[in-house]
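Let me begin by presenting the structure, written as structure tokens, before commenting on it.
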Amino acid sequence: MDEATHGPLAGFTVGVTAARRADELIALLRRRGASVVHAPALRIVPLADDGELMAATKELIDSPPDAVVATTAIGFRGWIEAADGWGIGEGLLERLRTAELLARGPKVKGAVRAAGLVEDWSPGSESLAEVLDRLLSGGVEGRRIALQLHGEPLPGFVEALRAGGAEVVPVPVYRWMPPQDLAPLDRLLDAVAVGALDAVSFTSAPAAASLLSRAGERGLREAVVEALRGPVLSACVGPVTALPLQAEGVPTVAPERFRLGPLVQLLCQELPGRARVLPVGGHRLEIRGRAVLVDGALRPVPPAGMALLAALARRPGWVVSRAELLRALPGAGRDEHAVETAMARLRAALGAPKLIQTVVKRGYRLSLDAGECGGGGSAREGVRGAEGVG
């Protein structure tokens with residue numbers, strides 16, 4: 001079975017925190033072989049129920065803005081639809097036609113034009129920083145600027161405009177709130193804390209902030225942050241989304257294009273690149289989160305077997321005692337017979353029994369190919385070489 005058959009993400013488990021377009025992201029991940037744990041970190045308050053949006057819209061109709069910054073396609077469409085529902089849609093469109101309309105990126109431009117409007121300018125980078133530079137370079141002293149928020153305040157953006165002398169009218173087009181059912185998010189946090197996920201995907205900064213906040217409420221913040229700094233990859237749709245994580249010292253990756261498709265493609269590159277690859281028993285062993293590739297063939301392995309394999313792979317070629325392997329088994333207790341049982345199942349799952357050698361009265365070892373690790377050196381040198389593979 002090759003990668004074309006099992007998919008580049010086979011054997012990996014990815015957490016999805018998105019509330020909006022989650023189904024699309026999950027489908028893309030599963031199509032590439034990933035297992036998915038879905039836990040919305042937020043929910044969106046319906047636009048028509050948001051009194052702040054109605055108040056801001058009426059204020060802009062009564063006192064027309066000089067410029068309007070549209071930041072998200074869904075937000076802009078929702079704003080127009082909500083105004084229509086309140087019977088003030090035409091009044092809003094008239095004000096938008098007379099203002100300088102700045103659209104952040106092509107999707108926002110599409111929403112603007114679908115409303116019968118034409119943007120005055122849009123950055124090629126889809127960056128709000130470039131929008132801010134455009135406004136400031138033209139001078140904002142005395143200008144009234146409406147800023148469509150995208151789920152959270154934009155303090156740096158607003159403060160820079162106000163420091164330049166502008167009057168800023170925030171337009172809270174939709175509001176993020178904690179999920180009504182916290183159980184899925186709690187399960188995801190538990191999985192992150194123990195390293196049971198290979199990656200967590202984030203599609204908005206509020207979702208990342210909400211996940212960290214809930215971890216703090218449950219006393220798991222330190223464990224979750226530590227896991228995200230180490231074995232669990234944080235994949236963000238863009239640099240703004242990554243900010244709450246980076247503030248905690250969590251390294252993140254993001255695609256060049258801020259879209260779901262490129263985000264999934266990035267995971268297809270990053271996760272296999274993080275897998276442990278070892279030459280063992282004449283085979284190529286690639287150790288993933290829940291499975292192993294043996295010479296490119298996907299071999300699903302039970303959790304106990306993966307725990308044993310991870311312990312052996314930490315010191316490839318060296319003997320690992322039964323006592324140490326017992327400590328690696330989840331909930332195994334004190335009976336070393338549990339190691340023998342789990343080891344037999346692991347060997348069966350791998351389909352190549354000679355990958356793991358039994359060392360009588362001592363324990364087990366991965367049958368590392370010394371010749372593949374440089375050859376001619378000592379056992380210690382061979383192991384050191386193997387640890388650099390992959």
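All residue names refer to the structure tokens as shown: chains lettered A, B, ... in order, residues numbered from 1 in each chain, ligands numbered from 1 in order.
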Wanna dump the region 312-371 of chain A-region 288-293 of chain A contacts at 12 Å for me, each residue with its shortest atom pair and the distance in Å to one decimal, counting only C-alpha atoms, ordered by chain and number, as a Markdown table?
| residue | atom | partner | partner_atom | distance |
| --- | --- | --- | --- | --- |
| A:Ala313 | CA | A:Arg288 | CA | 11.7 |
| A:Leu346 | CA | A:Val292 | CA | 10.4 |
| A:Arg347 | CA | A:Val292 | CA | 11.5 |
| A:Ala349 | CA | A:Val292 | CA | 9.1 |
| A:Leu350 | CA | A:Val292 | CA | 7.4 |
| A:Gly351 | CA | A:Val292 | CA | 10.6 |
| A:Ala352 | CA | A:Leu293 | CA | 11.6 |
Practice item. Would you mind listing what lies within 10 Å of region 213-229 of chain A as a PyMOL selection string, with only C-alpha atoms counted and same-chain residues fewer than 3 positions away left out? Key: chain A and resi 41+178+182+185-186+189-200+207-210+232-234+245-246+248-252
Since we have the selection now, will you write its residues out, keeping N, CA and C atoms, as an mmCIF file, in the first residue's frame?
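Generated file (result_10.cif):
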data_model
loop_
_atom_site.group_PDB
_atom_site.id
_atom_site.type_symbol
_atom_site.label_atom_id
_atom_site.label_comp_id
_atom_site.auth_asym_id
_atom_site.auth_seq_id
_atom_site.Cartn_x
_atom_site.Cartn_y
_atom_site.Cartn_z
ATOM 1 N N ALA A 41 -14.163 25.489 19.290
ATOM 2 C CA ALA A 41 -13.712 26.273 20.441
ATOM 3 C C ALA A 41 -14.595 27.492 20.660
ATOM 4 N N PRO A 178 -18.179 31.432 23.821
ATOM 5 C CA PRO A 178 -17.784 30.049 24.133
ATOM 6 C C PRO A 178 -18.837 29.066 23.638
ATOM 7 N N LEU A 182 -19.373 22.294 26.184
ATOM 8 C CA LEU A 182 -17.920 22.338 26.362
ATOM 9 C C LEU A 182 -17.280 20.950 26.365
ATOM 10 N N LEU A 185 -14.683 20.177 23.543
ATOM 11 C CA LEU A 185 -13.455 20.957 23.718
ATOM 12 C C LEU A 185 -12.625 20.402 24.874
ATOM 13 N N ASP A 186 -13.298 19.987 25.943
ATOM 14 C CA ASP A 186 -12.579 19.406 27.077
ATOM 15 C C ASP A 186 -11.881 18.107 26.674
ATOM 16 N N LEU A 189 -8.811 19.023 24.718
ATOM 17 C CA LEU A 189 -7.760 19.518 25.606
ATOM 18 C C LEU A 189 -7.076 18.369 26.348
ATOM 19 N N ASP A 190 -7.867 17.400 26.803
ATOM 20 C CA ASP A 190 -7.282 16.231 27.470
ATOM 21 C C ASP A 190 -6.333 15.496 26.525
ATOM 22 N N ALA A 191 -6.749 15.367 25.258
ATOM 23 C CA ALA A 191 -5.922 14.667 24.274
ATOM 24 C C ALA A 191 -4.637 15.440 23.983
ATOM 25 N N VAL A 192 -4.740 16.771 23.885
ATOM 26 C CA VAL A 192 -3.544 17.584 23.657
ATOM 27 C C VAL A 192 -2.576 17.446 24.831
ATOM 28 N N ALA A 193 -3.116 17.516 26.049
ATOM 29 C CA ALA A 193 -2.264 17.517 27.243
ATOM 30 C C ALA A 193 -1.426 16.255 27.361
ATOM 31 N N VAL A 194 -1.945 15.119 26.887
ATOM 32 C CA VAL A 194 -1.189 13.859 26.981
ATOM 33 C C VAL A 194 -0.509 13.499 25.668
ATOM 34 N N GLY A 195 -0.546 14.420 24.682
ATOM 35 C CA GLY A 195 0.130 14.179 23.413
ATOM 36 C C GLY A 195 -0.548 13.148 22.544
ATOM 37 N N ALA A 196 -1.874 12.985 22.700
ATOM 38 C CA ALA A 196 -2.599 11.989 21.903
ATOM 39 C C ALA A 196 -2.978 12.506 20.518
ATOM 40 N N LEU A 197 -2.735 13.788 20.255
ATOM 41 C CA LEU A 197 -2.958 14.361 18.927
ATOM 42 C C LEU A 197 -1.602 14.678 18.304
ATOM 43 N N ASP A 198 -1.554 14.634 16.986
ATOM 44 C CA ASP A 198 -0.331 15.012 16.279
ATOM 45 C C ASP A 198 -0.325 16.498 15.932
ATOM 46 N N ALA A 199 -1.511 17.067 15.740
ATOM 47 C CA ALA A 199 -1.611 18.483 15.378
ATOM 48 C C ALA A 199 -2.982 19.007 15.777
ATOM 49 N N VAL A 200 -3.047 20.315 15.968
ATOM 50 C CA VAL A 200 -4.324 21.007 16.166
ATOM 51 C C VAL A 200 -4.373 22.133 15.145
ATOM 52 N N ALA A 207 -10.549 31.501 18.324
ATOM 53 C CA ALA A 207 -10.598 30.073 18.648
ATOM 54 C C ALA A 207 -9.356 29.661 19.424
ATOM 55 N N ALA A 208 -8.196 30.150 19.007
ATOM 56 C CA ALA A 208 -6.958 29.830 19.720
ATOM 57 C C ALA A 208 -6.997 30.382 21.141
ATOM 58 N N ALA A 209 -7.474 31.630 21.273
ATOM 59 C CA ALA A 209 -7.561 32.248 22.596
ATOM 60 C C ALA A 209 -8.562 31.506 23.477
ATOM 61 N N SER A 210 -9.673 31.081 22.884
ATOM 62 C CA SER A 210 -10.701 30.362 23.644
ATOM 63 C C SER A 210 -10.170 29.017 24.140
ATOM 64 N N VAL A 232 2.900 18.277 19.810
ATOM 65 C CA VAL A 232 1.649 18.573 19.099
ATOM 66 C C VAL A 232 1.833 19.838 18.255
ATOM 67 N N LEU A 233 1.700 19.692 16.947
ATOM 68 C CA LEU A 233 1.911 20.806 16.016
ATOM 69 C C LEU A 233 0.703 21.747 16.009
ATOM 70 N N SER A 234 0.949 23.047 16.059
ATOM 71 C CA SER A 234 -0.108 24.055 15.943
ATOM 72 C C SER A 234 -0.091 24.604 14.520
ATOM 73 N N LEU A 245 -1.336 32.040 20.319
ATOM 74 C CA LEU A 245 -0.449 30.921 20.604
ATOM 75 C C LEU A 245 0.996 31.391 20.726
ATOM 76 N N GLN A 246 1.408 32.257 19.823
ATOM 77 C CA GLN A 246 2.784 32.744 19.849
ATOM 78 C C GLN A 246 3.060 33.559 21.110
ATOM 79 N N GLU A 248 2.197 32.758 23.921
ATOM 80 C CA GLU A 248 2.532 31.763 24.950
ATOM 81 C C GLU A 248 3.826 31.011 24.622
ATOM 82 N N GLY A 249 4.527 31.458 23.597
ATOM 83 C CA GLY A 249 5.765 30.791 23.213
ATOM 84 C C GLY A 249 5.551 29.517 22.434
ATOM 85 N N VAL A 250 4.346 29.351 21.853
ATOM 86 C CA VAL A 250 4.043 28.161 21.070
ATOM 87 C C VAL A 250 4.474 28.386 19.625
ATOM 88 N N PRO A 251 5.333 27.547 19.065
ATOM 89 C CA PRO A 251 5.691 27.696 17.652
ATOM 90 C C PRO A 251 4.515 27.288 16.778
ATOM 91 N N THR A 252 4.313 27.983 15.689
ATOM 92 C CA THR A 252 3.194 27.703 14.794
ATOM 93 C C THR A 252 3.680 27.626 13.352
#
Review point. What are the DSSP strand (DSSP E) residues of region 14-223 of chain A, as a PyMOL selection string?
Key: chain A and resi 14-16+35-38+43-45+67-70+100-103+144-149+167-172+175-177+199-202
Could you save those same residues with C-alpha atoms as a PDB file, in the first residue's frame?
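Saved file out_7.pdb follows:
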ATOM      1  CA  VAL A  14      -5.589  16.209  13.821  1.00  0.00           C
ATOM      2  CA  GLY A  15      -7.741  18.339  16.122  1.00  0.00           C
ATOM      3  CA  VAL A  16     -10.113  20.806  14.439  1.00  0.00           C
ATOM      4  CA  SER A  35      -8.201  10.840  11.834  1.00  0.00           C
ATOM      5  CA  VAL A  36     -10.012  13.939  13.088  1.00  0.00           C
ATOM      6  CA  VAL A  37     -11.102  15.100  16.532  1.00  0.00           C
ATOM      7  CA  HIS A  38     -13.582  17.976  16.130  1.00  0.00           C
ATOM      8  CA  ARG A  43     -19.817  29.624  18.475  1.00  0.00           C
ATOM      9  CA  ILE A  44     -21.060  32.554  16.416  1.00  0.00           C
ATOM     10  CA  VAL A  45     -23.895  34.730  17.680  1.00  0.00           C
ATOM     11  CA  ALA A  67     -13.998  55.225   4.666  1.00  0.00           C
ATOM     12  CA  VAL A  68     -15.114  51.669   5.385  1.00  0.00           C
ATOM     13  CA  VAL A  69     -12.756  48.721   5.931  1.00  0.00           C
ATOM     14  CA  ALA A  70     -14.306  45.324   5.118  1.00  0.00           C
ATOM     15  CA  GLU A 100     -13.977  54.950   0.310  1.00  0.00           C
ATOM     16  CA  LEU A 101     -14.355  51.170   0.494  1.00  0.00           C
ATOM     17  CA  LEU A 102     -11.270  49.089   1.309  1.00  0.00           C
ATOM     18  CA  ALA A 103     -11.568  45.290   1.013  1.00  0.00           C
ATOM     19  CA  ARG A 144     -14.520  59.030  10.076  1.00  0.00           C
ATOM     20  CA  ILE A 145     -13.577  55.401   9.440  1.00  0.00           C
ATOM     21  CA  ALA A 146     -15.862  52.392   9.912  1.00  0.00           C
ATOM     22  CA  LEU A 147     -14.021  49.161  10.700  1.00  0.00           C
ATOM     23  CA  GLN A 148     -15.818  45.837  10.278  1.00  0.00           C
ATOM     24  CA  LEU A 149     -14.515  43.628  13.072  1.00  0.00           C
ATOM     25  CA  GLU A 167     -12.661  58.866  14.399  1.00  0.00           C
ATOM     26  CA  VAL A 168     -13.103  55.080  14.345  1.00  0.00           C
ATOM     27  CA  VAL A 169     -16.513  53.389  14.392  1.00  0.00           C
ATOM     28  CA  PRO A 170     -16.135  49.651  15.172  1.00  0.00           C
ATOM     29  CA  VAL A 171     -18.751  47.474  13.456  1.00  0.00           C
ATOM     30  CA  PRO A 172     -19.114  44.165  15.371  1.00  0.00           C
ATOM     31  CA  ARG A 175     -19.539  37.834  17.818  1.00  0.00           C
ATOM     32  CA  TRP A 176     -17.610  34.820  19.048  1.00  0.00           C
ATOM     33  CA  MET A 177     -18.862  33.186  22.234  1.00  0.00           C
ATOM     34  CA  ALA A 199      -1.611  18.483  15.378  1.00  0.00           C
ATOM     35  CA  VAL A 200      -4.324  21.007  16.166  1.00  0.00           C
ATOM     36  CA  SER A 201      -5.640  23.305  13.430  1.00  0.00           C
ATOM     37  CA  PHE A 202      -6.793  26.862  14.096  1.00  0.00           C
TER      38      PHE A 202
END
Practice item. Report the distance between CA of Leu368 (chain A) and CA of Val319 (chain A) in Å, rounded to one decimal place. Key: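 Computing the Euclidean distance for CA of Leu368 (chain A) and CA of Val319 (chain A) yields 11.1 Å.
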Check your understanding: With only C-alpha atoms as the atoms that count, which of A:Val173, A:Cys236, A:Val158, A:Ser321 lies nearest to Glu81 (chain A)?
Key -> A:Val173
Review point. Which of these residues is nearest to Arg327 (chain A), using only C-alpha atoms: A:Ala307, A:Thr57, A:Ser63, A:Ala247?
Key: A:Ala307
List every residue of region 49-101 of chain A that has an atom at most 8 Å from any atom of region 107-127 of chain A, and for each one report the closest atom pair and its distance in Å to one decimal, counting only C-alpha atoms, with rows sorted by chain and then by increasing residue number, as CSV.
residue,atom,partner,partner_atom,distance
A:Ala70,CA,A:Val108,CA,6.9
A:Thr71,CA,A:Val108,CA,6.8
A:Thr72,CA,A:Val108,CA,5.5
A:Ala73,CA,A:Val108,CA,4.2
A:Ile74,CA,A:Ala111,CA,7.7
A:Phe76,CA,A:Ala111,CA,6.7
A:Arg77,CA,A:Ala111,CA,6.1
A:Ile80,CA,A:Ala115,CA,7.6
A:Leu93,CA,A:Leu117,CA,7.9
A:Leu96,CA,A:Leu117,CA,7.8
A:Arg97,CA,A:Leu117,CA,6.5
A:Glu100,CA,A:Asp120,CA,6.0
A:Leu101,CA,A:Glu119,CA,5.0
